[in-house]
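Remarks on the structure that follows.
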Amino acid sequence: LNLYWRQKSLITIKSAREIKGMAKSGAILAGMHLGLRDIIKPGISSWEIEKFAKEFFESHGAKAEQVGFEGYKYVTCVSINDEVAHAVPRKGLKLKDGDVVSVDTVVSWNGYFSDSCWTYGVGKVSEADQKLMDVTKKSLYLGIDEAVVGNRIGDIGAAIQTYTEDDNGYGDVRELIGHGIQPTMHESPNVPHYGVPGHGLRLKAGMTITIEPMITEGTWKIKGKQVPGDTWEYYVTADGSKCAQYEHTLVITDNGPKILTSQGDAIDEKYKLTEADLKTLPE
């Protein structure tokens, strides 16, 4: 989640204790997303998504950390079709067959943070929109594969940009980027989804970051739009094209990147956090 954050200068290396806490937080957030797979369908409102997430987090002893941040009022950001990020849930807005909807939120559990966004196709989506979602999701994992000790931030962004823009002709949003996370929801370093291989901060074991590409069917450029009757601003694509976003929180270890917000899909198996991974981190 990118909610108008200001980069901090300190990058903290997390202990095994902290990673265990973040993994618990991440499991709660992933559980919410798994639940959305069953309820997102034509006819429900984006407010029903908000209500489900709020009740799920409360029942698991967690809270959505963005509530109140810079005046934001909601547990989730629910962005539909050309809405790129930060769109608010709305009671009167019904999802339609063929919509593409992204749900983004940050959760804290006992002071441990996790951040994840997932894009859902509503009902039967077009082949073009399914391809957009598939490419965006794959780009997330291509970025994760570059999040290894010794690589640089630019390696992550370059992998995503090459696949989405050069190979598939999509737009790779520049203005909204990933970030460090823990002990607050927005920490250093910046993690752009574009870049040059071999450039930027060198990655170290114990860093925790989010990777969250926002990919459009058209231009990468976006524009702000104000919520009616509110001061809150969200983002839409400049040309009205659809956008998809997928995001995981992960820890970099000596054994490779480990996803802390895994939903248990087969693709996540090689990124599963184990006790052996935790033993490589400071106590």
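Residue numbering restarts at 1 for every chain of the structure tokens, chains are lettered A, B, ... in their displayed order, and ligands are numbered from 1 as they appear.
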Excluding same-chain residues fewer than 4 positions from Ala16 in chain A, what lies within 12 Å of it counting only C-alpha atoms, as a ChimeraX atom specification?
/A:20-23,205-208,251-253,273-283
I need the residues from that last selection saved to file as a PDB file, in the first residue's frame (with N, CA, C and O atoms), if you can.
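See result_34.pdb below for the written result:
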ATOM      1  N   LYS A  20       8.968 -13.747  12.736  1.00  0.00           N
ATOM      2  CA  LYS A  20       7.877 -14.622  13.175  1.00  0.00           C
ATOM      3  C   LYS A  20       6.596 -13.820  13.383  1.00  0.00           C
ATOM      4  O   LYS A  20       5.506 -14.255  12.995  1.00  0.00           O
ATOM      5  N   GLY A  21       6.723 -12.652  13.986  1.00  0.00           N
ATOM      6  CA  GLY A  21       5.554 -11.802  14.192  1.00  0.00           C
ATOM      7  C   GLY A  21       4.972 -11.306  12.886  1.00  0.00           C
ATOM      8  O   GLY A  21       3.749 -11.285  12.693  1.00  0.00           O
ATOM      9  N   MET A  22       5.848 -10.906  11.964  1.00  0.00           N
ATOM     10  CA  MET A  22       5.380 -10.440  10.659  1.00  0.00           C
ATOM     11  C   MET A  22       4.717 -11.568   9.876  1.00  0.00           C
ATOM     12  O   MET A  22       3.746 -11.350   9.142  1.00  0.00           O
ATOM     13  N   ALA A  23       5.233 -12.785  10.029  1.00  0.00           N
ATOM     14  CA  ALA A  23       4.631 -13.933   9.351  1.00  0.00           C
ATOM     15  C   ALA A  23       3.230 -14.196   9.887  1.00  0.00           C
ATOM     16  O   ALA A  23       2.324 -14.565   9.121  1.00  0.00           O
ATOM     17  N   ALA A 205      20.470  -9.678   4.006  1.00  0.00           N
ATOM     18  CA  ALA A 205      19.600 -10.577   4.755  1.00  0.00           C
ATOM     19  C   ALA A 205      18.980  -9.830   5.928  1.00  0.00           C
ATOM     20  O   ALA A 205      19.647  -9.044   6.605  1.00  0.00           O
ATOM     21  N   GLY A 206      17.699 -10.080   6.164  1.00  0.00           N
ATOM     22  CA  GLY A 206      16.988  -9.441   7.262  1.00  0.00           C
ATOM     23  C   GLY A 206      16.193  -8.215   6.854  1.00  0.00           C
ATOM     24  O   GLY A 206      15.417  -7.697   7.652  1.00  0.00           O
ATOM     25  N   MET A 207      16.375  -7.733   5.617  1.00  0.00           N
ATOM     26  CA  MET A 207      15.539  -6.634   5.129  1.00  0.00           C
ATOM     27  C   MET A 207      14.134  -7.152   4.834  1.00  0.00           C
ATOM     28  O   MET A 207      13.960  -8.275   4.337  1.00  0.00           O
ATOM     29  N   THR A 208      13.128  -6.348   5.128  1.00  0.00           N
ATOM     30  CA  THR A 208      11.746  -6.687   4.793  1.00  0.00           C
ATOM     31  C   THR A 208      11.195  -5.590   3.892  1.00  0.00           C
ATOM     32  O   THR A 208      11.270  -4.406   4.229  1.00  0.00           O
ATOM     33  N   VAL A 251      10.695 -11.194   3.255  1.00  0.00           N
ATOM     34  CA  VAL A 251      11.957 -11.006   3.958  1.00  0.00           C
ATOM     35  C   VAL A 251      13.067 -11.595   3.098  1.00  0.00           C
ATOM     36  O   VAL A 251      12.899 -12.653   2.486  1.00  0.00           O
ATOM     37  N   ILE A 252      14.168 -10.897   3.030  1.00  0.00           N
ATOM     38  CA  ILE A 252      15.332 -11.384   2.299  1.00  0.00           C
ATOM     39  C   ILE A 252      16.193 -12.179   3.278  1.00  0.00           C
ATOM     40  O   ILE A 252      16.554 -11.678   4.346  1.00  0.00           O
ATOM     41  N   THR A 253      16.500 -13.418   2.927  1.00  0.00           N
ATOM     42  CA  THR A 253      17.330 -14.269   3.784  1.00  0.00           C
ATOM     43  C   THR A 253      18.513 -14.809   2.989  1.00  0.00           C
ATOM     44  O   THR A 253      18.554 -14.700   1.766  1.00  0.00           O
ATOM     45  N   LEU A 273       8.637 -19.657   4.200  1.00  0.00           N
ATOM     46  CA  LEU A 273       9.539 -19.411   5.324  1.00  0.00           C
ATOM     47  C   LEU A 273       9.632 -20.658   6.196  1.00  0.00           C
ATOM     48  O   LEU A 273       8.622 -21.247   6.575  1.00  0.00           O
ATOM     49  N   THR A 274      10.856 -21.077   6.531  1.00  0.00           N
ATOM     50  CA  THR A 274      11.079 -22.257   7.353  1.00  0.00           C
ATOM     51  C   THR A 274      11.906 -21.893   8.591  1.00  0.00           C
ATOM     52  O   THR A 274      12.500 -20.811   8.682  1.00  0.00           O
ATOM     53  N   GLU A 275      11.976 -22.821   9.512  1.00  0.00           N
ATOM     54  CA  GLU A 275      12.807 -22.639  10.700  1.00  0.00           C
ATOM     55  C   GLU A 275      14.275 -22.479  10.315  1.00  0.00           C
ATOM     56  O   GLU A 275      15.022 -21.710  10.940  1.00  0.00           O
ATOM     57  N   ALA A 276      14.691 -23.173   9.263  1.00  0.00           N
ATOM     58  CA  ALA A 276      16.070 -23.045   8.802  1.00  0.00           C
ATOM     59  C   ALA A 276      16.355 -21.624   8.338  1.00  0.00           C
ATOM     60  O   ALA A 276      17.456 -21.096   8.556  1.00  0.00           O
ATOM     61  N   ASP A 277      15.369 -20.983   7.715  1.00  0.00           N
ATOM     62  CA  ASP A 277      15.549 -19.588   7.282  1.00  0.00           C
ATOM     63  C   ASP A 277      15.673 -18.666   8.488  1.00  0.00           C
ATOM     64  O   ASP A 277      16.512 -17.766   8.508  1.00  0.00           O
ATOM     65  N   LEU A 278      14.843 -18.908   9.491  1.00  0.00           N
ATOM     66  CA  LEU A 278      14.865 -18.065  10.685  1.00  0.00           C
ATOM     67  C   LEU A 278      16.204 -18.159  11.410  1.00  0.00           C
ATOM     68  O   LEU A 278      16.673 -17.186  12.003  1.00  0.00           O
ATOM     69  N   LYS A 279      16.834 -19.329  11.356  1.00  0.00           N
ATOM     70  CA  LYS A 279      18.115 -19.526  12.045  1.00  0.00           C
ATOM     71  C   LYS A 279      19.244 -18.714  11.398  1.00  0.00           C
ATOM     72  O   LYS A 279      20.293 -18.538  12.016  1.00  0.00           O
ATOM     73  N   THR A 280      19.030 -18.255  10.168  1.00  0.00           N
ATOM     74  CA  THR A 280      20.049 -17.427   9.520  1.00  0.00           C
ATOM     75  C   THR A 280      19.972 -15.975   9.948  1.00  0.00           C
ATOM     76  O   THR A 280      20.859 -15.177   9.621  1.00  0.00           O
ATOM     77  N   LEU A 281      18.903 -15.616  10.682  1.00  0.00           N
ATOM     78  CA  LEU A 281      18.702 -14.233  11.119  1.00  0.00           C
ATOM     79  C   LEU A 281      19.126 -14.065  12.569  1.00  0.00           C
ATOM     80  O   LEU A 281      19.135 -15.027  13.347  1.00  0.00           O
ATOM     81  N   PRO A 282      19.460 -12.845  12.983  1.00  0.00           N
ATOM     82  CA  PRO A 282      19.790 -12.618  14.410  1.00  0.00           C
ATOM     83  C   PRO A 282      18.600 -12.890  15.307  1.00  0.00           C
ATOM     84  O   PRO A 282      17.443 -12.725  14.882  1.00  0.00           O
ATOM     85  N   GLU A 283      18.883 -13.316  16.518  1.00  0.00           N
ATOM     86  CA  GLU A 283      17.810 -13.592  17.476  1.00  0.00           C
ATOM     87  C   GLU A 283      17.096 -12.306  17.880  1.00  0.00           C
ATOM     88  O   GLU A 283      15.936 -12.304  18.178  1.00  0.00           O
TER      89      GLU A 283
END
Using backbone DSSP assignments, extract all helix (DSSP H, G or I) residues from range 27-163 of chain A; output them as a ChimeraX atom specification.
/A:27-39,46-59,69-71,127-145,153-163
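We find CA of Thr184 in chain A and CA of Leu250 in chain A to be spaced 14.8 Å apart.
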Please list as a ChimeraX atom specification every residue within 9 Å of Gln161 in chain A, counting only C-alpha atoms and excluding residues in the same chain fewer than 5 positions away.
/A:139,156,166-167,171-172,193-195
Include N, CA, C and O atoms and write out the residues we just selected as an mmCIF file, in the first residue's frame.
data_model
loop_
_atom_site.group_PDB
_atom_site.id
_atom_site.type_symbol
_atom_site.label_atom_id
_atom_site.label_comp_id
_atom_site.auth_asym_id
_atom_site.auth_seq_id
_atom_site.Cartn_x
_atom_site.Cartn_y
_atom_site.Cartn_z
ATOM 1 N N SER A 139 4.885 -10.812 -13.061
ATOM 2 C CA SER A 139 5.920 -9.788 -12.868
ATOM 3 C C SER A 139 6.274 -9.631 -11.396
ATOM 4 O O SER A 139 7.427 -9.358 -11.052
ATOM 5 N N ILE A 156 15.388 -5.678 -9.118
ATOM 6 C CA ILE A 156 13.965 -5.986 -8.938
ATOM 7 C C ILE A 156 13.136 -5.237 -9.977
ATOM 8 O O ILE A 156 12.331 -5.815 -10.710
ATOM 9 N N ASP A 166 8.556 -4.248 -22.087
ATOM 10 C CA ASP A 166 9.271 -4.688 -23.292
ATOM 11 C C ASP A 166 8.665 -5.953 -23.891
ATOM 12 O O ASP A 166 8.483 -6.053 -25.108
ATOM 13 N N ASP A 167 8.346 -6.924 -23.040
ATOM 14 C CA ASP A 167 7.861 -8.206 -23.544
ATOM 15 C C ASP A 167 6.362 -8.209 -23.840
ATOM 16 O O ASP A 167 5.906 -8.962 -24.702
ATOM 17 N N GLY A 171 1.841 -0.823 -19.556
ATOM 18 C CA GLY A 171 2.393 0.324 -18.854
ATOM 19 C C GLY A 171 2.768 -0.055 -17.428
ATOM 20 O O GLY A 171 1.975 -0.679 -16.711
ATOM 21 N N ASP A 172 3.956 0.313 -16.997
ATOM 22 C CA ASP A 172 4.478 0.015 -15.661
ATOM 23 C C ASP A 172 4.463 1.320 -14.863
ATOM 24 O O ASP A 172 5.292 2.198 -15.074
ATOM 25 N N HIS A 193 9.279 -0.323 -9.355
ATOM 26 C CA HIS A 193 9.023 -1.486 -10.213
ATOM 27 C C HIS A 193 9.563 -1.268 -11.615
ATOM 28 O O HIS A 193 9.115 -1.894 -12.574
ATOM 29 N N TYR A 194 10.531 -0.406 -11.707
ATOM 30 C CA TYR A 194 11.273 -0.129 -12.935
ATOM 31 C C TYR A 194 12.696 0.160 -12.494
ATOM 32 O O TYR A 194 12.951 0.463 -11.316
ATOM 33 N N GLY A 195 13.655 0.057 -13.411
ATOM 34 C CA GLY A 195 15.013 0.355 -12.986
ATOM 35 C C GLY A 195 16.061 -0.230 -13.903
ATOM 36 O O GLY A 195 15.763 -0.794 -14.953
#
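Take CA of Gly180 in chain A and CA of His199 in chain A: the distance between them is 17.4 Å.
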Range 205-233 of chain A residues near range 63-83 of chain A within 9 Å, closest pair each, using only C-alpha atoms, as CSV:
residue,atom,partner,partner_atom,distance
A:Thr216,CA,A:Asp82,CA,8.2
A:Thr231,CA,A:Gly71,CA,8.5
A:Trp232,CA,A:Tyr72,CA,7.2
Preceding selection exported with all heavy atoms as a PDB file, in the first residue's frame:
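Heads up, here's the output in part-v3.pdb:
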ATOM      1  N   THR A 216      -0.684  -1.443 -16.295  1.00  0.00           N
ATOM      2  CA  THR A 216      -1.860  -0.994 -17.027  1.00  0.00           C
ATOM      3  C   THR A 216      -1.868  -1.550 -18.451  1.00  0.00           C
ATOM      4  O   THR A 216      -0.829  -1.870 -19.017  1.00  0.00           O
ATOM      5  CB  THR A 216      -1.909   0.543 -17.109  1.00  0.00           C
ATOM      6  OG1 THR A 216      -0.911   0.997 -18.034  1.00  0.00           O
ATOM      7  CG2 THR A 216      -1.657   1.179 -15.740  1.00  0.00           C
ATOM      8  N   THR A 231     -11.556  15.108   0.998  1.00  0.00           N
ATOM      9  CA  THR A 231     -10.268  15.646   0.565  1.00  0.00           C
ATOM     10  C   THR A 231      -9.356  14.548   0.023  1.00  0.00           C
ATOM     11  O   THR A 231      -8.271  14.841  -0.464  1.00  0.00           O
ATOM     12  CB  THR A 231      -9.553  16.350   1.733  1.00  0.00           C
ATOM     13  OG1 THR A 231      -9.365  15.411   2.801  1.00  0.00           O
ATOM     14  CG2 THR A 231     -10.385  17.532   2.227  1.00  0.00           C
ATOM     15  N   TRP A 232      -9.786  13.299   0.130  1.00  0.00           N
ATOM     16  CA  TRP A 232      -8.940  12.178  -0.270  1.00  0.00           C
ATOM     17  C   TRP A 232      -8.789  12.117  -1.784  1.00  0.00           C
ATOM     18  O   TRP A 232      -9.750  12.259  -2.533  1.00  0.00           O
ATOM     19  CB  TRP A 232      -9.509  10.865   0.245  1.00  0.00           C
ATOM     20  CG  TRP A 232      -8.583   9.722  -0.003  1.00  0.00           C
ATOM     21  CD1 TRP A 232      -8.704   8.761  -0.956  1.00  0.00           C
ATOM     22  CD2 TRP A 232      -7.360   9.458   0.688  1.00  0.00           C
ATOM     23  NE1 TRP A 232      -7.636   7.886  -0.892  1.00  0.00           N
ATOM     24  CE2 TRP A 232      -6.795   8.301   0.099  1.00  0.00           C
ATOM     25  CE3 TRP A 232      -6.695  10.076   1.745  1.00  0.00           C
ATOM     26  CZ2 TRP A 232      -5.593   7.750   0.545  1.00  0.00           C
ATOM     27  CZ3 TRP A 232      -5.503   9.531   2.184  1.00  0.00           C
ATOM     28  CH2 TRP A 232      -4.968   8.388   1.598  1.00  0.00           C
TER      29      TRP A 232
END
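Candidate residues A:Val173, A:Pro257, A:Thr237, A:Lys24 were compared for distance to Gly150 in chain A, and the nearest is A:Pro257, using only C-alpha atoms.
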Between range 63-163 of chain A and range 259-265 of chain A, at 12 Å or less, what are the per-residue closest atom pairs and their distances in Å? Count only C-alpha atoms, order by chain and rising residue number, and return it as JSON lines.
{"residue": "A:Thr105", "atom": "CA", "partner": "A:Thr261", "partner_atom": "CA", "distance": 11.6}
{"residue": "A:Val106", "atom": "CA", "partner": "A:Thr261", "partner_atom": "CA", "distance": 10.8}
{"residue": "A:Val107", "atom": "CA", "partner": "A:Thr261", "partner_atom": "CA", "distance": 10.6}
{"residue": "A:Tyr112", "atom": "CA", "partner": "A:Leu260", "partner_atom": "CA", "distance": 11.4}
{"residue": "A:Phe113", "atom": "CA", "partner": "A:Leu260", "partner_atom": "CA", "distance": 10.0}
{"residue": "A:Ser114", "atom": "CA", "partner": "A:Thr261", "partner_atom": "CA", "distance": 7.0}
{"residue": "A:Asp115", "atom": "CA", "partner": "A:Thr261", "partner_atom": "CA", "distance": 7.5}
{"residue": "A:Ser116", "atom": "CA", "partner": "A:Thr261", "partner_atom": "CA", "distance": 6.8}
{"residue": "A:Cys117", "atom": "CA", "partner": "A:Thr261", "partner_atom": "CA", "distance": 9.8}
{"residue": "A:Trp118", "atom": "CA", "partner": "A:Gln263", "partner_atom": "CA", "distance": 10.3}
{"residue": "A:Leu140", "atom": "CA", "partner": "A:Ile259", "partner_atom": "CA", "distance": 11.4}
{"residue": "A:Tyr141", "atom": "CA", "partner": "A:Ile259", "partner_atom": "CA", "distance": 10.2}
{"residue": "A:Ile144", "atom": "CA", "partner": "A:Ile259", "partner_atom": "CA", "distance": 8.6}
{"residue": "A:Asp145", "atom": "CA", "partner": "A:Ile259", "partner_atom": "CA", "distance": 10.9}
{"residue": "A:Ala147", "atom": "CA", "partner": "A:Ile259", "partner_atom": "CA", "distance": 10.8}
Written selection (all heavy atoms) as a CSV table (one decimal), in the first residue's frame:
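Wrote it out as part_3.csv, contents follow:
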chain,number,residue,atom,x,y,z
A,105,THR,N,-4.4,-3.5,1.5
A,105,THR,CA,-4.5,-3.1,2.9
A,105,THR,C,-3.2,-3.5,3.6
A,105,THR,O,-2.5,-4.3,3.2
A,105,THR,CB,-5.7,-3.8,3.6
A,105,THR,OG1,-5.9,-3.2,4.9
A,105,THR,CG2,-5.6,-5.3,3.7
A,106,VAL,N,-3.0,-2.8,4.7
A,106,VAL,CA,-1.9,-3.1,5.6
A,106,VAL,C,-2.5,-3.5,7.0
A,106,VAL,O,-3.4,-2.9,7.5
A,106,VAL,CB,-1.0,-1.9,5.8
A,106,VAL,CG1,0.1,-2.2,6.8
A,106,VAL,CG2,-0.5,-1.3,4.5
A,107,VAL,N,-1.9,-4.6,7.5
A,107,VAL,CA,-2.4,-5.2,8.8
A,107,VAL,C,-1.3,-5.1,9.8
A,107,VAL,O,-0.1,-5.3,9.5
A,107,VAL,CB,-2.9,-6.6,8.6
A,107,VAL,CG1,-3.0,-7.3,9.9
A,107,VAL,CG2,-4.3,-6.6,7.9
A,112,TYR,N,3.3,-6.0,14.6
A,112,TYR,CA,4.0,-6.5,13.4
A,112,TYR,C,3.1,-6.3,12.2
A,112,TYR,O,1.9,-6.6,12.2
A,112,TYR,CB,4.2,-8.0,13.6
A,112,TYR,CG,5.2,-8.3,14.8
A,112,TYR,CD1,4.7,-8.9,16.0
A,112,TYR,CD2,6.5,-8.0,14.7
A,112,TYR,CE1,5.5,-9.1,17.1
A,112,TYR,CE2,7.4,-8.2,15.8
A,112,TYR,CZ,6.8,-8.8,17.0
A,112,TYR,OH,7.7,-9.0,18.0
A,113,PHE,N,3.8,-5.8,11.1
A,113,PHE,CA,3.1,-5.4,10.0
A,113,PHE,C,3.2,-6.3,8.8
A,113,PHE,O,4.2,-7.0,8.6
A,113,PHE,CB,3.7,-4.0,9.6
A,113,PHE,CG,3.3,-2.9,10.5
A,113,PHE,CD1,4.0,-2.8,11.7
A,113,PHE,CD2,2.3,-2.0,10.2
A,113,PHE,CE1,3.7,-1.8,12.6
A,113,PHE,CE2,2.0,-1.0,11.1
A,113,PHE,CZ,2.6,-0.9,12.3
A,114,SER,N,2.2,-6.2,7.9
A,114,SER,CA,2.2,-6.9,6.6
A,114,SER,C,1.4,-6.1,5.7
A,114,SER,O,0.4,-5.4,6.1
A,114,SER,CB,1.7,-8.4,6.7
A,114,SER,OG,0.4,-8.4,7.2
A,115,ASP,N,1.7,-6.2,4.4
A,115,ASP,CA,1.0,-5.4,3.4
A,115,ASP,C,0.8,-6.3,2.1
A,115,ASP,O,1.8,-6.9,1.7
A,115,ASP,CB,2.0,-4.2,3.1
A,115,ASP,CG,1.4,-3.2,2.1
A,115,ASP,OD1,0.3,-3.4,1.6
A,115,ASP,OD2,2.1,-2.2,1.9
A,116,SER,N,-0.4,-6.3,1.6
A,116,SER,CA,-0.6,-7.1,0.4
A,116,SER,C,-1.8,-6.6,-0.4
A,116,SER,O,-2.8,-6.2,0.2
A,116,SER,CB,-0.9,-8.6,0.8
A,116,SER,OG,-1.1,-9.4,-0.3
A,117,CYS,N,-1.7,-6.6,-1.7
A,117,CYS,CA,-2.8,-6.3,-2.6
A,117,CYS,C,-3.0,-7.5,-3.6
A,117,CYS,O,-2.0,-8.1,-3.9
A,117,CYS,CB,-2.4,-5.0,-3.4
A,117,CYS,SG,-3.7,-4.5,-4.6
A,118,TRP,N,-4.2,-7.7,-3.9
A,118,TRP,CA,-4.5,-8.8,-4.9
A,118,TRP,C,-5.6,-8.3,-5.8
A,118,TRP,O,-6.4,-7.5,-5.5
A,118,TRP,CB,-5.0,-10.0,-4.1
A,118,TRP,CG,-4.5,-11.3,-4.7
A,118,TRP,CD1,-5.2,-12.3,-5.4
A,118,TRP,CD2,-3.1,-11.8,-4.7
A,118,TRP,NE1,-4.4,-13.3,-5.8
A,118,TRP,CE2,-3.1,-13.0,-5.4
A,118,TRP,CE3,-1.9,-11.2,-4.2
A,118,TRP,CZ2,-1.9,-13.8,-5.5
A,118,TRP,CZ3,-0.8,-12.0,-4.4
A,118,TRP,CH2,-0.7,-13.2,-5.0
A,140,LEU,N,5.3,-9.8,-10.5
A,140,LEU,CA,5.6,-9.7,-9.1
A,140,LEU,C,6.6,-10.8,-8.7
A,140,LEU,O,7.6,-10.5,-8.0
A,140,LEU,CB,4.3,-10.0,-8.3
A,140,LEU,CG,4.4,-10.3,-6.8
A,140,LEU,CD1,5.0,-9.1,-6.0
A,140,LEU,CD2,3.1,-10.7,-6.2
A,141,TYR,N,6.4,-12.0,-9.2
A,141,TYR,CA,7.3,-13.1,-8.8
A,141,TYR,C,8.6,-13.0,-9.5
A,141,TYR,O,9.7,-13.4,-8.9
A,141,TYR,CB,6.6,-14.5,-9.1
A,141,TYR,CG,5.5,-14.8,-8.1
A,141,TYR,CD1,4.2,-14.4,-8.4
A,141,TYR,CD2,5.8,-15.3,-6.9
A,141,TYR,CE1,3.2,-14.7,-7.5
A,141,TYR,CE2,4.8,-15.6,-6.0
A,141,TYR,CZ,3.5,-15.2,-6.3
A,141,TYR,OH,2.5,-15.5,-5.4
A,144,ILE,N,10.3,-10.7,-7.2
A,144,ILE,CA,10.7,-11.4,-6.0
A,144,ILE,C,12.0,-12.3,-6.2
A,144,ILE,O,12.9,-12.3,-5.3
A,144,ILE,CB,9.5,-12.3,-5.5
A,144,ILE,CG1,8.4,-11.4,-4.9
A,144,ILE,CG2,10.0,-13.2,-4.4
A,144,ILE,CD1,7.1,-12.1,-4.6
A,145,ASP,N,12.1,-12.9,-7.3
A,145,ASP,CA,13.2,-13.7,-7.6
A,145,ASP,C,14.5,-12.9,-7.6
A,145,ASP,O,15.6,-13.5,-7.4
A,145,ASP,CB,13.1,-14.4,-9.0
A,145,ASP,CG,12.1,-15.5,-9.0
A,145,ASP,OD1,11.9,-16.1,-7.9
A,145,ASP,OD2,11.6,-15.9,-10.1
A,147,ALA,N,15.1,-10.5,-5.5
A,147,ALA,CA,15.3,-10.0,-4.1
A,147,ALA,C,16.2,-10.9,-3.3
A,147,ALA,O,15.7,-11.5,-2.3
A,147,ALA,CB,14.0,-9.7,-3.4
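Going from CA of Glu217 in chain A over to CA of Gly43 in chain A, you cover 24.7 Å.
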Contact residues around Pro192 in chain A with only C-alpha atoms at 7 Å, ignoring same-chain residues under 6 positions, as a PyMOL selection string:
chain A and resi 157+177-178
Can I get the selected residues back with C-alpha atoms, as a PDB file, in the first residue's frame?
ATOM      1  CA  GLY A 157      12.568  -3.100 -10.945  1.00  0.00           C
ATOM      2  CA  ILE A 177       6.245   2.005  -5.647  1.00  0.00           C
ATOM      3  CA  GLY A 178       7.079  -0.639  -3.096  1.00  0.00           C
TER       4      GLY A 178
END
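When only C-alpha atoms are used to compute distances to Trp47 in chain A, the closest of the residues A:Lys91, A:Gly26, A:Gln130, A:Asp230 turns out to be A:Lys91.
Closest approach to Asp254 in chain A from the set A:Leu203, A:Leu93, A:Ala30, A:Val236 is made by A:Leu203, with distances taken over only C-alpha atoms.
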Can you list, as a PyMOL selection string, every residue of range 20-99 of chain A that DSSP puts in strand (DSSP E or B)?
chain A and resi 45+63-64+77-80+83-85+94
